[in-house]
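Raw contents of data.csv, CSV, C-alpha atoms:
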```
chain,number,residue,atom,x,y,z
H,1,MET,CA,67.3,97.8,90.7
H,2,TYR,CA,70.6,96.2,91.7
H,3,GLY,CA,68.9,92.8,92.0
H,4,PHE,CA,68.4,92.8,88.2
H,5,THR,CA,72.0,94.1,87.6
H,6,ARG,CA,73.4,91.5,89.9
H,7,SER,CA,71.4,88.8,88.0
H,8,LEU,CA,73.0,89.9,84.8
H,9,LEU,CA,76.5,90.2,86.3
H,10,PHE,CA,76.2,86.7,87.9
H,11,THR,CA,75.6,85.2,84.4
H,12,LEU,CA,79.2,86.1,83.8
H,13,PRO,CA,82.2,84.3,85.3
H,14,PRO,CA,83.3,86.1,88.5
H,15,GLU,CA,86.4,87.9,87.1
H,16,PRO,CA,84.8,89.3,84.0
H,17,ALA,CA,81.9,90.5,86.1
H,18,HIS,CA,84.3,92.1,88.5
H,19,ARG,CA,86.1,93.9,85.7
H,20,LEU,CA,82.8,95.1,84.3
H,21,GLY,CA,81.7,96.4,87.6
H,22,MET,CA,85.0,98.2,88.2
H,23,SER,CA,84.8,99.8,84.8
H,24,GLY,CA,81.4,101.2,85.6
H,25,LEU,CA,82.6,102.6,88.9
H,26,ALA,CA,85.7,104.1,87.3
H,27,ALA,CA,83.4,105.7,84.7
H,28,LEU,CA,81.2,107.1,87.5
H,29,GLY,CA,84.3,108.5,89.1
H,30,ARG,CA,84.9,110.7,86.0
H,31,MET,CA,81.6,112.5,86.7
H,32,PRO,CA,82.4,114.6,89.8
H,33,SER,CA,79.1,116.3,90.1
H,34,LEU,CA,77.2,113.0,90.0
H,35,CYS,CA,79.6,111.4,92.5
H,36,GLN,CA,79.0,114.2,95.0
H,37,SER,CA,75.3,114.2,94.6
H,38,MET,CA,75.1,110.4,95.0
H,39,ARG,CA,77.2,110.5,98.1
H,40,GLU,CA,75.2,113.3,99.7
H,41,ARG,CA,72.0,111.5,99.0
H,42,THR,CA,73.3,108.3,100.7
H,43,LEU,CA,74.7,110.2,103.7
H,44,ARG,CA,71.3,111.9,104.3
H,45,GLN,CA,69.8,108.5,105.0
H,46,ALA,CA,71.5,108.4,108.4
H,47,PRO,CA,68.9,109.4,111.0
H,48,MET,CA,71.5,110.6,113.5
H,49,ASP,CA,75.1,111.6,113.7
H,50,LEU,CA,77.0,108.3,113.1
H,51,SER,CA,80.5,109.9,112.8
H,52,VAL,CA,83.5,108.3,114.5
H,53,GLU,CA,87.2,109.2,114.8
H,54,LEU,CA,90.0,106.6,114.5
H,55,ALA,CA,93.7,107.3,114.6
H,56,GLY,CA,93.1,111.0,114.3
H,57,LEU,CA,91.0,110.5,111.1
H,58,ARG,CA,87.3,111.5,110.9
H,59,PHE,CA,84.9,109.0,109.3
H,60,ALA,CA,81.4,110.3,108.4
H,61,HIS,CA,80.0,106.9,109.6
H,62,PRO,CA,81.5,103.5,110.5
H,63,VAL,CA,80.8,101.8,107.1
H,64,ALA,CA,84.0,101.7,104.9
H,65,LEU,CA,85.2,99.7,101.9
H,66,ALA,CA,87.8,97.0,102.5
H,67,ALA,CA,90.8,96.4,100.3
H,68,GLY,CA,90.5,93.8,97.5
H,69,LEU,CA,87.9,95.4,95.4
H,70,ASP,CA,89.9,98.2,93.9
H,71,LYS,CA,93.4,96.8,93.8
H,72,ASP,CA,94.9,99.6,91.5
H,73,ALA,CA,93.0,102.7,92.8
H,74,GLU,CA,91.2,103.0,89.5
H,75,ALA,CA,87.7,103.6,90.9
H,76,VAL,CA,88.2,105.5,94.2
H,77,ASP,CA,85.9,108.4,93.4
H,78,GLY,CA,83.1,106.0,92.1
H,79,LEU,CA,83.4,104.0,95.4
H,80,PHE,CA,83.2,107.2,97.5
H,81,ALA,CA,80.1,108.1,95.5
H,82,CYS,CA,78.4,104.9,96.9
H,83,GLY,CA,78.6,106.5,100.3
H,84,PHE,CA,81.5,104.6,102.0
H,85,SER,CA,83.1,106.7,104.8
H,86,ALA,CA,86.5,105.5,103.7
H,87,VAL,CA,88.0,103.5,100.8
H,88,GLU,CA,91.0,101.2,101.1
H,89,ILE,CA,92.8,100.3,97.9
H,90,GLY,CA,95.1,97.3,97.2
H,91,THR,CA,96.6,95.0,98.1
H,92,VAL,CA,99.4,96.7,96.1
H,93,THR,CA,102.9,95.1,95.6
H,94,PRO,CA,106.0,97.0,94.4
H,95,LYS,CA,106.1,95.3,91.0
H,96,PRO,CA,103.2,94.3,88.8
H,97,GLN,CA,102.2,90.7,89.0
H,98,PRO,CA,99.5,88.6,87.4
H,99,GLY,CA,98.5,86.7,90.5
H,100,ASN,CA,97.7,83.0,90.6
H,101,PRO,CA,96.5,80.9,87.6
H,102,LYS,CA,92.8,81.1,86.7
H,103,PRO,CA,90.2,80.1,87.7
H,104,ARG,CA,90.9,81.7,91.0
H,105,LEU,CA,87.6,83.3,92.0
H,106,PHE,CA,84.4,81.4,93.0
H,107,ARG,CA,81.0,82.6,94.0
H,108,LEU,CA,79.0,80.6,96.6
H,109,PRO,CA,75.6,82.4,96.5
H,110,GLU,CA,73.8,79.9,98.7
H,111,HIS,CA,76.2,80.9,101.5
H,112,ARG,CA,76.6,84.5,100.5
H,113,ALA,CA,80.3,83.9,100.2
H,114,VAL,CA,83.2,84.0,97.8
H,115,ILE,CA,86.4,82.0,97.6
H,116,ASN,CA,89.4,83.6,96.1
H,117,ARG,CA,93.0,82.8,95.5
H,118,MET,CA,93.8,85.9,93.5
H,119,GLY,CA,97.4,86.1,94.8
H,120,PHE,CA,97.8,89.9,95.0
H,121,ASN,CA,97.2,90.5,91.2
H,122,ASN,CA,97.8,94.2,90.6
H,123,HIS,CA,99.6,96.5,88.3
H,124,GLY,CA,102.2,97.6,90.8
H,125,ALA,CA,102.9,100.5,93.2
H,126,ALA,CA,103.8,102.9,90.4
H,127,THR,CA,100.4,102.5,88.6
H,128,ALA,CA,98.4,102.9,91.8
H,129,ALA,CA,100.4,106.0,92.7
H,130,ALA,CA,99.7,107.5,89.3
H,131,HIS,CA,96.0,106.9,89.8
H,132,LEU,CA,96.1,108.6,93.2
H,133,THR,CA,98.3,111.6,92.3
H,134,GLY,CA,96.3,114.7,91.8
H,135,ARG,CA,93.0,113.5,93.2
H,136,ALA,CA,90.9,116.6,93.8
H,137,TRP,CA,87.9,115.2,95.6
H,138,LYS,CA,88.7,113.8,99.0
H,139,PRO,CA,85.5,113.2,100.9
H,140,GLY,CA,86.9,110.6,103.4
H,141,PRO,CA,90.0,108.8,104.4
H,142,LEU,CA,91.9,106.8,101.8
H,143,GLY,CA,93.7,103.7,102.9
H,144,VAL,CA,96.6,102.0,101.1
H,145,ASN,CA,97.0,98.3,101.7
H,146,ILE,CA,100.5,96.9,100.9
H,147,GLY,CA,102.0,93.5,100.4
H,148,LYS,CA,105.0,91.6,99.0
H,149,ASN,CA,105.5,90.2,95.5
H,150,LYS,CA,105.1,86.4,95.2
H,151,ASP,CA,108.6,86.0,93.9
H,152,THR,CA,110.3,87.9,96.7
H,153,PRO,CA,111.8,85.6,99.3
H,154,LEU,CA,110.3,85.8,102.8
H,155,GLU,CA,113.6,86.9,104.2
H,156,ARG,CA,113.5,90.0,101.9
H,157,ALA,CA,109.8,90.7,102.4
H,158,VAL,CA,110.6,93.9,104.4
H,159,ASP,CA,112.2,95.4,101.2
H,160,ASP,CA,108.9,95.1,99.4
H,161,TYR,CA,106.8,96.7,102.1
H,162,VAL,CA,109.3,99.5,102.4
H,163,ALA,CA,109.2,100.0,98.6
H,164,CYS,CA,105.4,100.3,98.7
H,165,VAL,CA,105.7,102.8,101.5
H,166,ASP,CA,108.0,104.9,99.4
H,167,ALA,CA,105.6,105.0,96.5
H,168,LEU,CA,102.2,105.1,98.2
H,169,ALA,CA,102.3,106.3,101.9
H,170,PRO,CA,102.5,110.0,101.0
H,171,LEU,CA,99.3,109.6,98.9
H,172,GLY,CA,97.2,107.8,101.5
H,173,ASP,CA,95.5,108.8,104.7
H,174,TYR,CA,96.5,105.6,106.4
H,175,VAL,CA,98.7,102.5,105.4
H,176,VAL,CA,97.9,98.9,106.0
H,177,VAL,CA,100.5,96.1,106.2
H,178,ASN,CA,98.8,92.9,104.9
H,179,ALA,CA,100.6,90.0,106.4
H,180,SER,CA,97.6,87.7,106.5
H,181,SER,CA,96.5,86.8,102.9
H,182,PRO,CA,96.4,83.0,102.5
H,183,ASN,CA,97.1,83.3,98.8
H,184,THR,CA,100.8,84.3,98.9
H,185,PRO,CA,103.0,81.3,100.0
H,186,GLY,CA,104.4,81.8,103.5
H,187,LEU,CA,103.0,85.2,104.0
H,188,ARG,CA,101.1,84.4,107.2
H,189,THR,CA,104.3,83.4,108.9
H,190,LEU,CA,105.0,87.2,109.0
H,191,GLN,CA,102.4,87.4,111.8
H,192,GLU,CA,104.7,85.5,114.1
H,193,PRO,CA,105.9,87.9,116.9
H,194,GLU,CA,109.6,88.1,116.0
H,195,GLN,CA,109.1,88.5,112.3
H,196,LEU,CA,106.2,90.8,112.7
H,197,SER,CA,108.0,93.1,115.1
H,198,ALA,CA,110.9,93.4,112.6
H,199,LEU,CA,108.6,94.1,109.7
H,200,LEU,CA,106.6,96.7,111.5
H,201,ARG,CA,109.8,98.4,112.8
H,202,ALA,CA,111.2,98.8,109.3
H,203,VAL,CA,107.9,100.0,107.9
H,204,GLN,CA,107.5,102.6,110.7
H,205,GLU,CA,111.0,103.9,110.2
H,206,ARG,CA,110.5,104.5,106.5
H,207,MET,CA,107.0,106.0,107.1
H,208,GLY,CA,108.7,108.4,109.5
H,209,GLN,CA,110.9,109.6,106.7
H,210,VAL,CA,108.3,109.8,103.8
H,211,ALA,CA,104.9,110.2,105.5
H,212,PRO,CA,105.4,111.3,109.1
H,213,GLY,CA,102.3,111.1,111.2
H,214,THR,CA,100.4,108.8,108.8
H,215,PRO,CA,98.6,106.1,110.7
H,216,LEU,CA,99.8,102.5,110.3
H,217,PHE,CA,97.5,99.4,110.6
H,218,LEU,CA,98.1,95.7,110.5
H,219,LYS,CA,95.6,93.3,108.9
H,220,ILE,CA,95.4,90.0,110.6
H,221,ALA,CA,93.9,86.6,109.8
H,222,PRO,CA,90.7,85.1,111.3
H,223,ASP,CA,92.4,81.7,111.8
H,224,LEU,CA,94.7,82.8,114.6
H,225,THR,CA,94.3,81.1,117.9
H,226,PRO,CA,93.2,83.3,120.8
H,227,GLU,CA,96.8,83.1,122.1
H,228,ALA,CA,98.2,84.1,118.7
H,229,VAL,CA,95.8,87.1,118.7
H,230,ASP,CA,97.1,88.1,122.1
H,231,GLU,CA,100.7,87.9,120.7
H,232,VAL,CA,99.8,90.1,117.7
H,233,VAL,CA,98.1,92.6,119.9
H,234,ASP,CA,101.1,92.8,122.2
H,235,VAL,CA,103.4,93.4,119.3
H,236,ALA,CA,101.1,96.1,117.9
H,237,LEU,CA,101.0,97.9,121.3
H,238,GLU,CA,104.7,97.6,121.7
H,239,ARG,CA,105.3,99.0,118.3
H,240,GLY,CA,102.8,101.8,118.8
H,241,LEU,CA,100.6,100.9,115.8
H,242,SER,CA,97.5,102.9,115.1
H,243,GLY,CA,95.4,99.8,115.1
H,244,LEU,CA,94.5,96.4,113.7
H,245,ILE,CA,92.2,95.4,110.9
H,246,ALA,CA,90.4,92.2,111.8
H,247,THR,CA,90.1,90.1,109.7
H,248,ASN,CA,91.2,88.8,106.4
H,249,THR,CA,89.7,85.7,104.7
H,250,THR,CA,89.7,82.3,106.3
H,251,ILE,CA,91.2,79.0,105.1
H,252,THR,CA,88.5,77.1,106.9
H,253,ARG,CA,85.4,75.6,105.2
H,254,PRO,CA,82.5,75.4,107.6
H,255,PHE,CA,80.2,73.8,105.0
H,256,GLU,CA,80.0,71.5,102.0
H,257,HIS,CA,79.8,73.0,98.6
H,258,LYS,CA,81.0,72.1,95.1
H,259,HIS,CA,83.7,74.8,95.5
H,260,SER,CA,84.5,74.2,99.1
H,261,LYS,CA,87.6,72.2,98.3
H,262,GLU,CA,89.0,75.0,96.2
H,263,ALA,CA,92.2,76.5,97.7
H,264,GLY,CA,92.1,80.1,98.7
H,265,GLY,CA,90.5,82.5,101.2
H,266,LEU,CA,86.8,82.3,102.1
H,267,SER,CA,85.0,85.6,102.6
H,268,GLY,CA,81.4,86.6,103.2
H,269,ALA,CA,78.8,85.5,105.7
H,270,PRO,CA,80.6,82.4,107.0
H,271,VAL,CA,83.5,84.5,108.2
H,272,ARG,CA,81.3,86.8,110.4
H,273,GLU,CA,81.6,85.0,113.7
H,274,LEU,CA,85.3,84.1,113.2
H,275,SER,CA,86.0,87.8,112.7
H,276,ASN,CA,83.8,88.9,115.6
H,277,ALA,CA,85.7,86.6,117.9
H,278,VAL,CA,89.0,88.0,116.9
H,279,ILE,CA,87.8,91.5,117.3
H,280,ARG,CA,86.5,90.8,120.8
H,281,ARG,CA,89.7,89.1,121.8
H,282,ALA,CA,91.9,91.9,120.5
H,283,TYR,CA,89.7,94.5,122.2
H,284,GLN,CA,89.9,92.6,125.5
H,285,ARG,CA,93.7,92.0,125.2
H,286,SER,CA,94.3,95.7,124.6
H,287,ARG,CA,91.7,96.7,127.2
H,288,GLY,CA,90.2,98.9,124.5
H,289,THR,CA,93.4,100.9,123.9
H,290,LEU,CA,94.2,99.5,120.4
H,291,PRO,CA,91.8,100.9,117.7
H,292,LEU,CA,90.2,98.2,115.6
H,293,ILE,CA,88.7,98.1,112.1
H,294,GLY,CA,86.3,95.1,111.7
H,295,VAL,CA,85.7,93.3,108.5
H,296,GLY,CA,84.2,89.9,107.6
H,297,GLY,CA,80.7,88.9,106.7
H,298,VAL,CA,79.0,92.3,106.7
H,299,PHE,CA,75.7,92.6,104.8
H,300,THR,CA,73.4,94.4,107.1
H,301,ALA,CA,73.2,97.0,109.9
H,302,GLN,CA,72.9,94.2,112.4
H,303,ASP,CA,76.3,92.8,111.2
H,304,VAL,CA,77.9,96.3,111.5
H,305,TYR,CA,76.3,96.7,115.0
H,306,GLU,CA,77.7,93.4,116.2
H,307,LYS,CA,81.2,94.3,115.1
H,308,LEU,CA,80.9,97.7,116.8
H,309,ARG,CA,79.7,96.0,120.0
H,310,ALA,CA,82.6,93.6,119.8
H,311,GLY,CA,85.1,96.4,119.8
H,312,ALA,CA,85.5,97.8,116.2
H,313,THR,CA,85.3,101.5,115.6
H,314,VAL,CA,85.0,101.3,111.8
H,315,VAL,CA,83.6,98.3,109.9
H,316,GLN,CA,84.6,97.4,106.4
H,317,VAL,CA,82.6,95.8,103.6
H,318,TYR,CA,83.8,93.7,100.6
H,319,THR,CA,81.8,90.6,99.7
H,320,GLY,CA,78.6,92.1,101.0
H,321,PHE,CA,79.0,94.9,98.5
H,322,ILE,CA,79.2,92.3,95.7
H,323,TYR,CA,75.9,90.7,96.8
H,324,GLU,CA,74.0,93.8,98.0
H,325,GLY,CA,75.2,96.5,95.6
H,326,PRO,CA,75.6,100.3,95.8
H,327,GLY,CA,72.5,100.9,97.8
H,328,MET,CA,73.8,98.9,100.8
H,329,VAL,CA,75.5,101.8,102.5
H,330,GLY,CA,72.4,103.9,102.7
H,331,ARG,CA,70.3,101.0,104.0
H,332,ILE,CA,72.9,100.2,106.7
H,333,LEU,CA,73.0,103.8,107.8
H,334,MET,CA,69.3,104.0,108.2
H,335,ASP,CA,69.0,100.8,110.1
H,336,LEU,CA,72.1,101.3,112.2
H,337,GLY,CA,70.6,104.5,113.6
H,338,ALA,CA,67.4,102.6,114.5
H,339,LEU,CA,69.4,99.9,116.3
H,340,LEU,CA,71.4,102.5,118.3
H,341,ALA,CA,68.1,104.3,119.2
H,342,ARG,CA,66.4,101.0,120.2
H,343,ASP,CA,69.2,100.2,122.7
H,344,GLY,CA,69.4,103.7,124.1
H,345,PHE,CA,72.8,104.7,122.6
H,346,ALA,CA,73.2,108.3,121.6
H,347,SER,CA,76.1,107.7,119.2
H,348,VAL,CA,78.2,105.0,117.6
H,349,ARG,CA,81.0,105.9,120.1
H,350,ASP,CA,78.9,104.7,123.0
H,351,VAL,CA,78.5,101.2,121.7
H,352,ILE,CA,82.1,100.3,120.8
H,353,GLY,CA,83.2,97.3,122.8
H,354,VAL,CA,80.1,96.9,125.0
H,355,ASP,CA,80.0,93.1,124.3
H,356,ALA,CA,83.7,92.6,124.9
H,357,HIS,CA,83.5,93.2,128.6
H,358,PRO,CA,83.2,90.2,131.0
H,359,GLY,CA,79.6,89.3,131.5
H,360,ALA,CA,78.4,91.6,128.8
H,361,PRO,CA,74.9,90.8,127.3
H,362,VAL,CA,74.8,89.7,123.7
H,363,ALA,CA,73.3,92.2,121.3
H,364,ALA,CA,69.6,91.6,120.6
H,365,SER,CA,68.5,90.6,117.1
H,366,PRO,CA,66.1,92.8,115.3
```

Would you encode the structure as structure tokens?
Amino acid sequence: MYGFTRSLLFTLPPEPAHRLGMSGLAALGRMPSLCQSMRERTLRQAPMDLSVELAGLRFAHPVALAAGLDKDAEAVDGLFACGFSAVEIGTVTPKPQPGNPKPRLFRLPEHRAVINRMGFNNHGAATAAAHLTGRAWKPGPLGVNIGKNKDTPLERAVDDYVACVDALAPLGDYVVVNASSPNTPGLRTLQEPEQLSALLRAVQERMGQVAPGTPLFLKIAPDLTPEAVDEVVDVALERGLSGLIATNTTITRPFEHKHSKEAGGLSGAPVRELSNAVIRRAYQRSRGTLPLIGVGGVFTAQDVYEKLRAGATVVQVYTGFIYEGPGMVGRILMDLGALLARDGFASVRDVIGVDAHPGAPVAASP
């Protein structure tokens, strides 16, 4: 069914297609009974208990939605209806901003990929907060991904993150500091240890005032060197973060394509191995003590399974959802249960990080 819908959507330019899809999901969200029945039907496809816990939060299963799809929290309930264990909104900035000039979004179907240079286009923290206020149905954790406005100087970036915390942290189940988008000039320099520590300290102090106990995550880039990953992990442990989200989009282009020279972040299948390598490195550096959410190149249960084995506890989807559609979560749950059973694991918890240990065998392909 979605194959036909996707064919129609792909006849449109990427941004209008995205807006159409989001409008449909927002409309679905206004039908609570249908949302609940759809979600229940999807979750029933899991052949075993796939639940996990992360940072004190319970996830019905490890497949969650990454930030980037629903920037303004306009379709949260519709996305939960698709079966995701958690939904992450954003990236949200304090003030509304239009993002970068168009065109800024490119499909690469041959590579199951997308290039975007959206530039944190969103309607601002106040709009997202208004959408989240008064939500009645809360079937899973809601994440809030925050960033800085493009016109805010880097030396004042902390002010923007703190302003977002004030507006949104009390409304979310966890908060994510996005310091790794390649589409806001200079943003990735905030991942450098000294700047990163100062940023996280300020965010944590404000969260302690307005949303005490709410978990805080940091989203990192796939283009970090192994040594840079170690430095970020060390800062995260020192600051007592709840975990890392690995990874954002990549600025590398591992193939030739008519769009490959477009500036921006590449997501989808080509990011899978980059992301997995960062997850493994972070898991190894922290000796499994720093919880990880994996994201990048997830289309199938095998992709989820590899990230779990690399060290992730939860695995997020974005580009895969665009290509695979609303039925993807149910298919992944069914197949993930089969993979766990095939390899003799009784639960998702048993498989986390098994490939990150020295000399660990590589996961078998189906």

I'd like the interatomic distance between atom CA of Gln97 of chain H and atom CA of Gly186 of chain H, to a tenth of an Å. 17.2 Å

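The neighbours of segment 251-265 of chain H here are the residues that come within 6 Å of it, using all atoms listed in the file and leaving out any residue fewer than 2 positions away in the same chain; they are Ile115, Asn116, Arg117, Asn183 and Thr249 of chain H.
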
Please, could you write that set of residues out with C-alpha atoms as a short mmCIF file (atom, residue, chain, number, x, y, z; two decimals), in the frame of the given file?
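Contents of the output file out09.cif:
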```cif
data_model
loop_
_atom_site.label_atom_id
_atom_site.label_comp_id
_atom_site.auth_asym_id
_atom_site.auth_seq_id
_atom_site.Cartn_x
_atom_site.Cartn_y
_atom_site.Cartn_z
CA ILE H 115 86.40 82.00 97.60
CA ASN H 116 89.40 83.60 96.10
CA ARG H 117 93.00 82.80 95.50
CA ASN H 183 97.10 83.30 98.80
CA THR H 249 89.70 85.70 104.70
#
```

Between H:His111, H:Arg206, H:Lys219, H:Arg239, which one has atoms that come closest to Val176 of chain H, using only C-alpha atoms?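 For Val176 of chain H, the nearest of the given residues is H:Lys219.
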
Write out as a PyMOL selection string the residues lying within 8 Å of Arg6 of chain H, counting all atoms listed in the file and excluding same-chain residues fewer than 3 positions away. chain H and resi 2-3+9-10+323+325

Pick out the closest residue to Thr152 of chain H from this set: H:Gly320, H:His357, H:Val175, H:Leu187. Count all atoms listed in the file. H:Leu187

Could you give me, as an mmCIF file with C-alpha atoms, keeping the file's coordinate frame, the residues that have an atom at most 7 Å away from the point (75.3, 107.6, 102.2) in the coordinates of the file, using only C-alpha atoms?
```cif
data_model
loop_
_atom_site.group_PDB
_atom_site.id
_atom_site.type_symbol
_atom_site.label_atom_id
_atom_site.label_comp_id
_atom_site.auth_asym_id
_atom_site.auth_seq_id
_atom_site.Cartn_x
_atom_site.Cartn_y
_atom_site.Cartn_z
ATOM 1 C CA ARG H 39 77.200 110.500 98.100
ATOM 2 C CA GLU H 40 75.200 113.300 99.700
ATOM 3 C CA ARG H 41 72.000 111.500 99.000
ATOM 4 C CA THR H 42 73.300 108.300 100.700
ATOM 5 C CA LEU H 43 74.700 110.200 103.700
ATOM 6 C CA ARG H 44 71.300 111.900 104.300
ATOM 7 C CA GLN H 45 69.800 108.500 105.000
ATOM 8 C CA CYS H 82 78.400 104.900 96.900
ATOM 9 C CA GLY H 83 78.600 106.500 100.300
ATOM 10 C CA PHE H 84 81.500 104.600 102.000
ATOM 11 C CA VAL H 329 75.500 101.800 102.500
ATOM 12 C CA GLY H 330 72.400 103.900 102.700
#
```

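Separating atom CA of Thr127 of chain H from atom CA of Gly296 of chain H is a distance of 28.0 Å.
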
Near Ile220 of chain H, counting all atoms listed in the file, which residues have an atom at most 8 Å away, once you skip same-chain residues fewer than 4 positions from it, shown as a compact mmCIF listing (two decimals) with C-alpha atoms, keeping the file's coordinate frame?
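Ended up saving to around.txt:
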```
# COMPACT_ATOMS: atom_id res chain seq x y z
CA ASN H 178 98.80 92.90 104.90
CA ALA H 179 100.60 90.00 106.40
CA SER H 180 97.60 87.70 106.50
CA GLN H 191 102.40 87.40 111.80
CA LEU H 244 94.50 96.40 113.70
CA ILE H 245 92.20 95.40 110.90
CA ALA H 246 90.40 92.20 111.80
CA THR H 247 90.10 90.10 109.70
CA ASN H 248 91.20 88.80 106.40
```

Segment 311-314 of chain H surroundings by all atoms listed in the file, 8 Å radius, close-in-sequence under 5 positions cut, as a PyMOL selection string: chain H and resi 52-54+61-64+279-280+283+288+291-294+349+352-356

Computed interatomic separation between atom CA of Leu105 of chain H and atom CA of Ala169 of chain H (Å):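 Atom CA of Leu105 of chain H sits 29.0 Å away from atom CA of Ala169 of chain H.
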
Could you work out an axis-aligned bounding box for all listed atoms of segment 191-206 of chain H, with 4 Å added on each of the six sides, and give its centre and edge lengths in Å to one decimal, as AutoDock Vina command-line options?
```
--center_x 106.8 --center_y 95.0 --center_z 111.7 --size_x 16.8 --size_y 27.0 --size_z 18.4
```
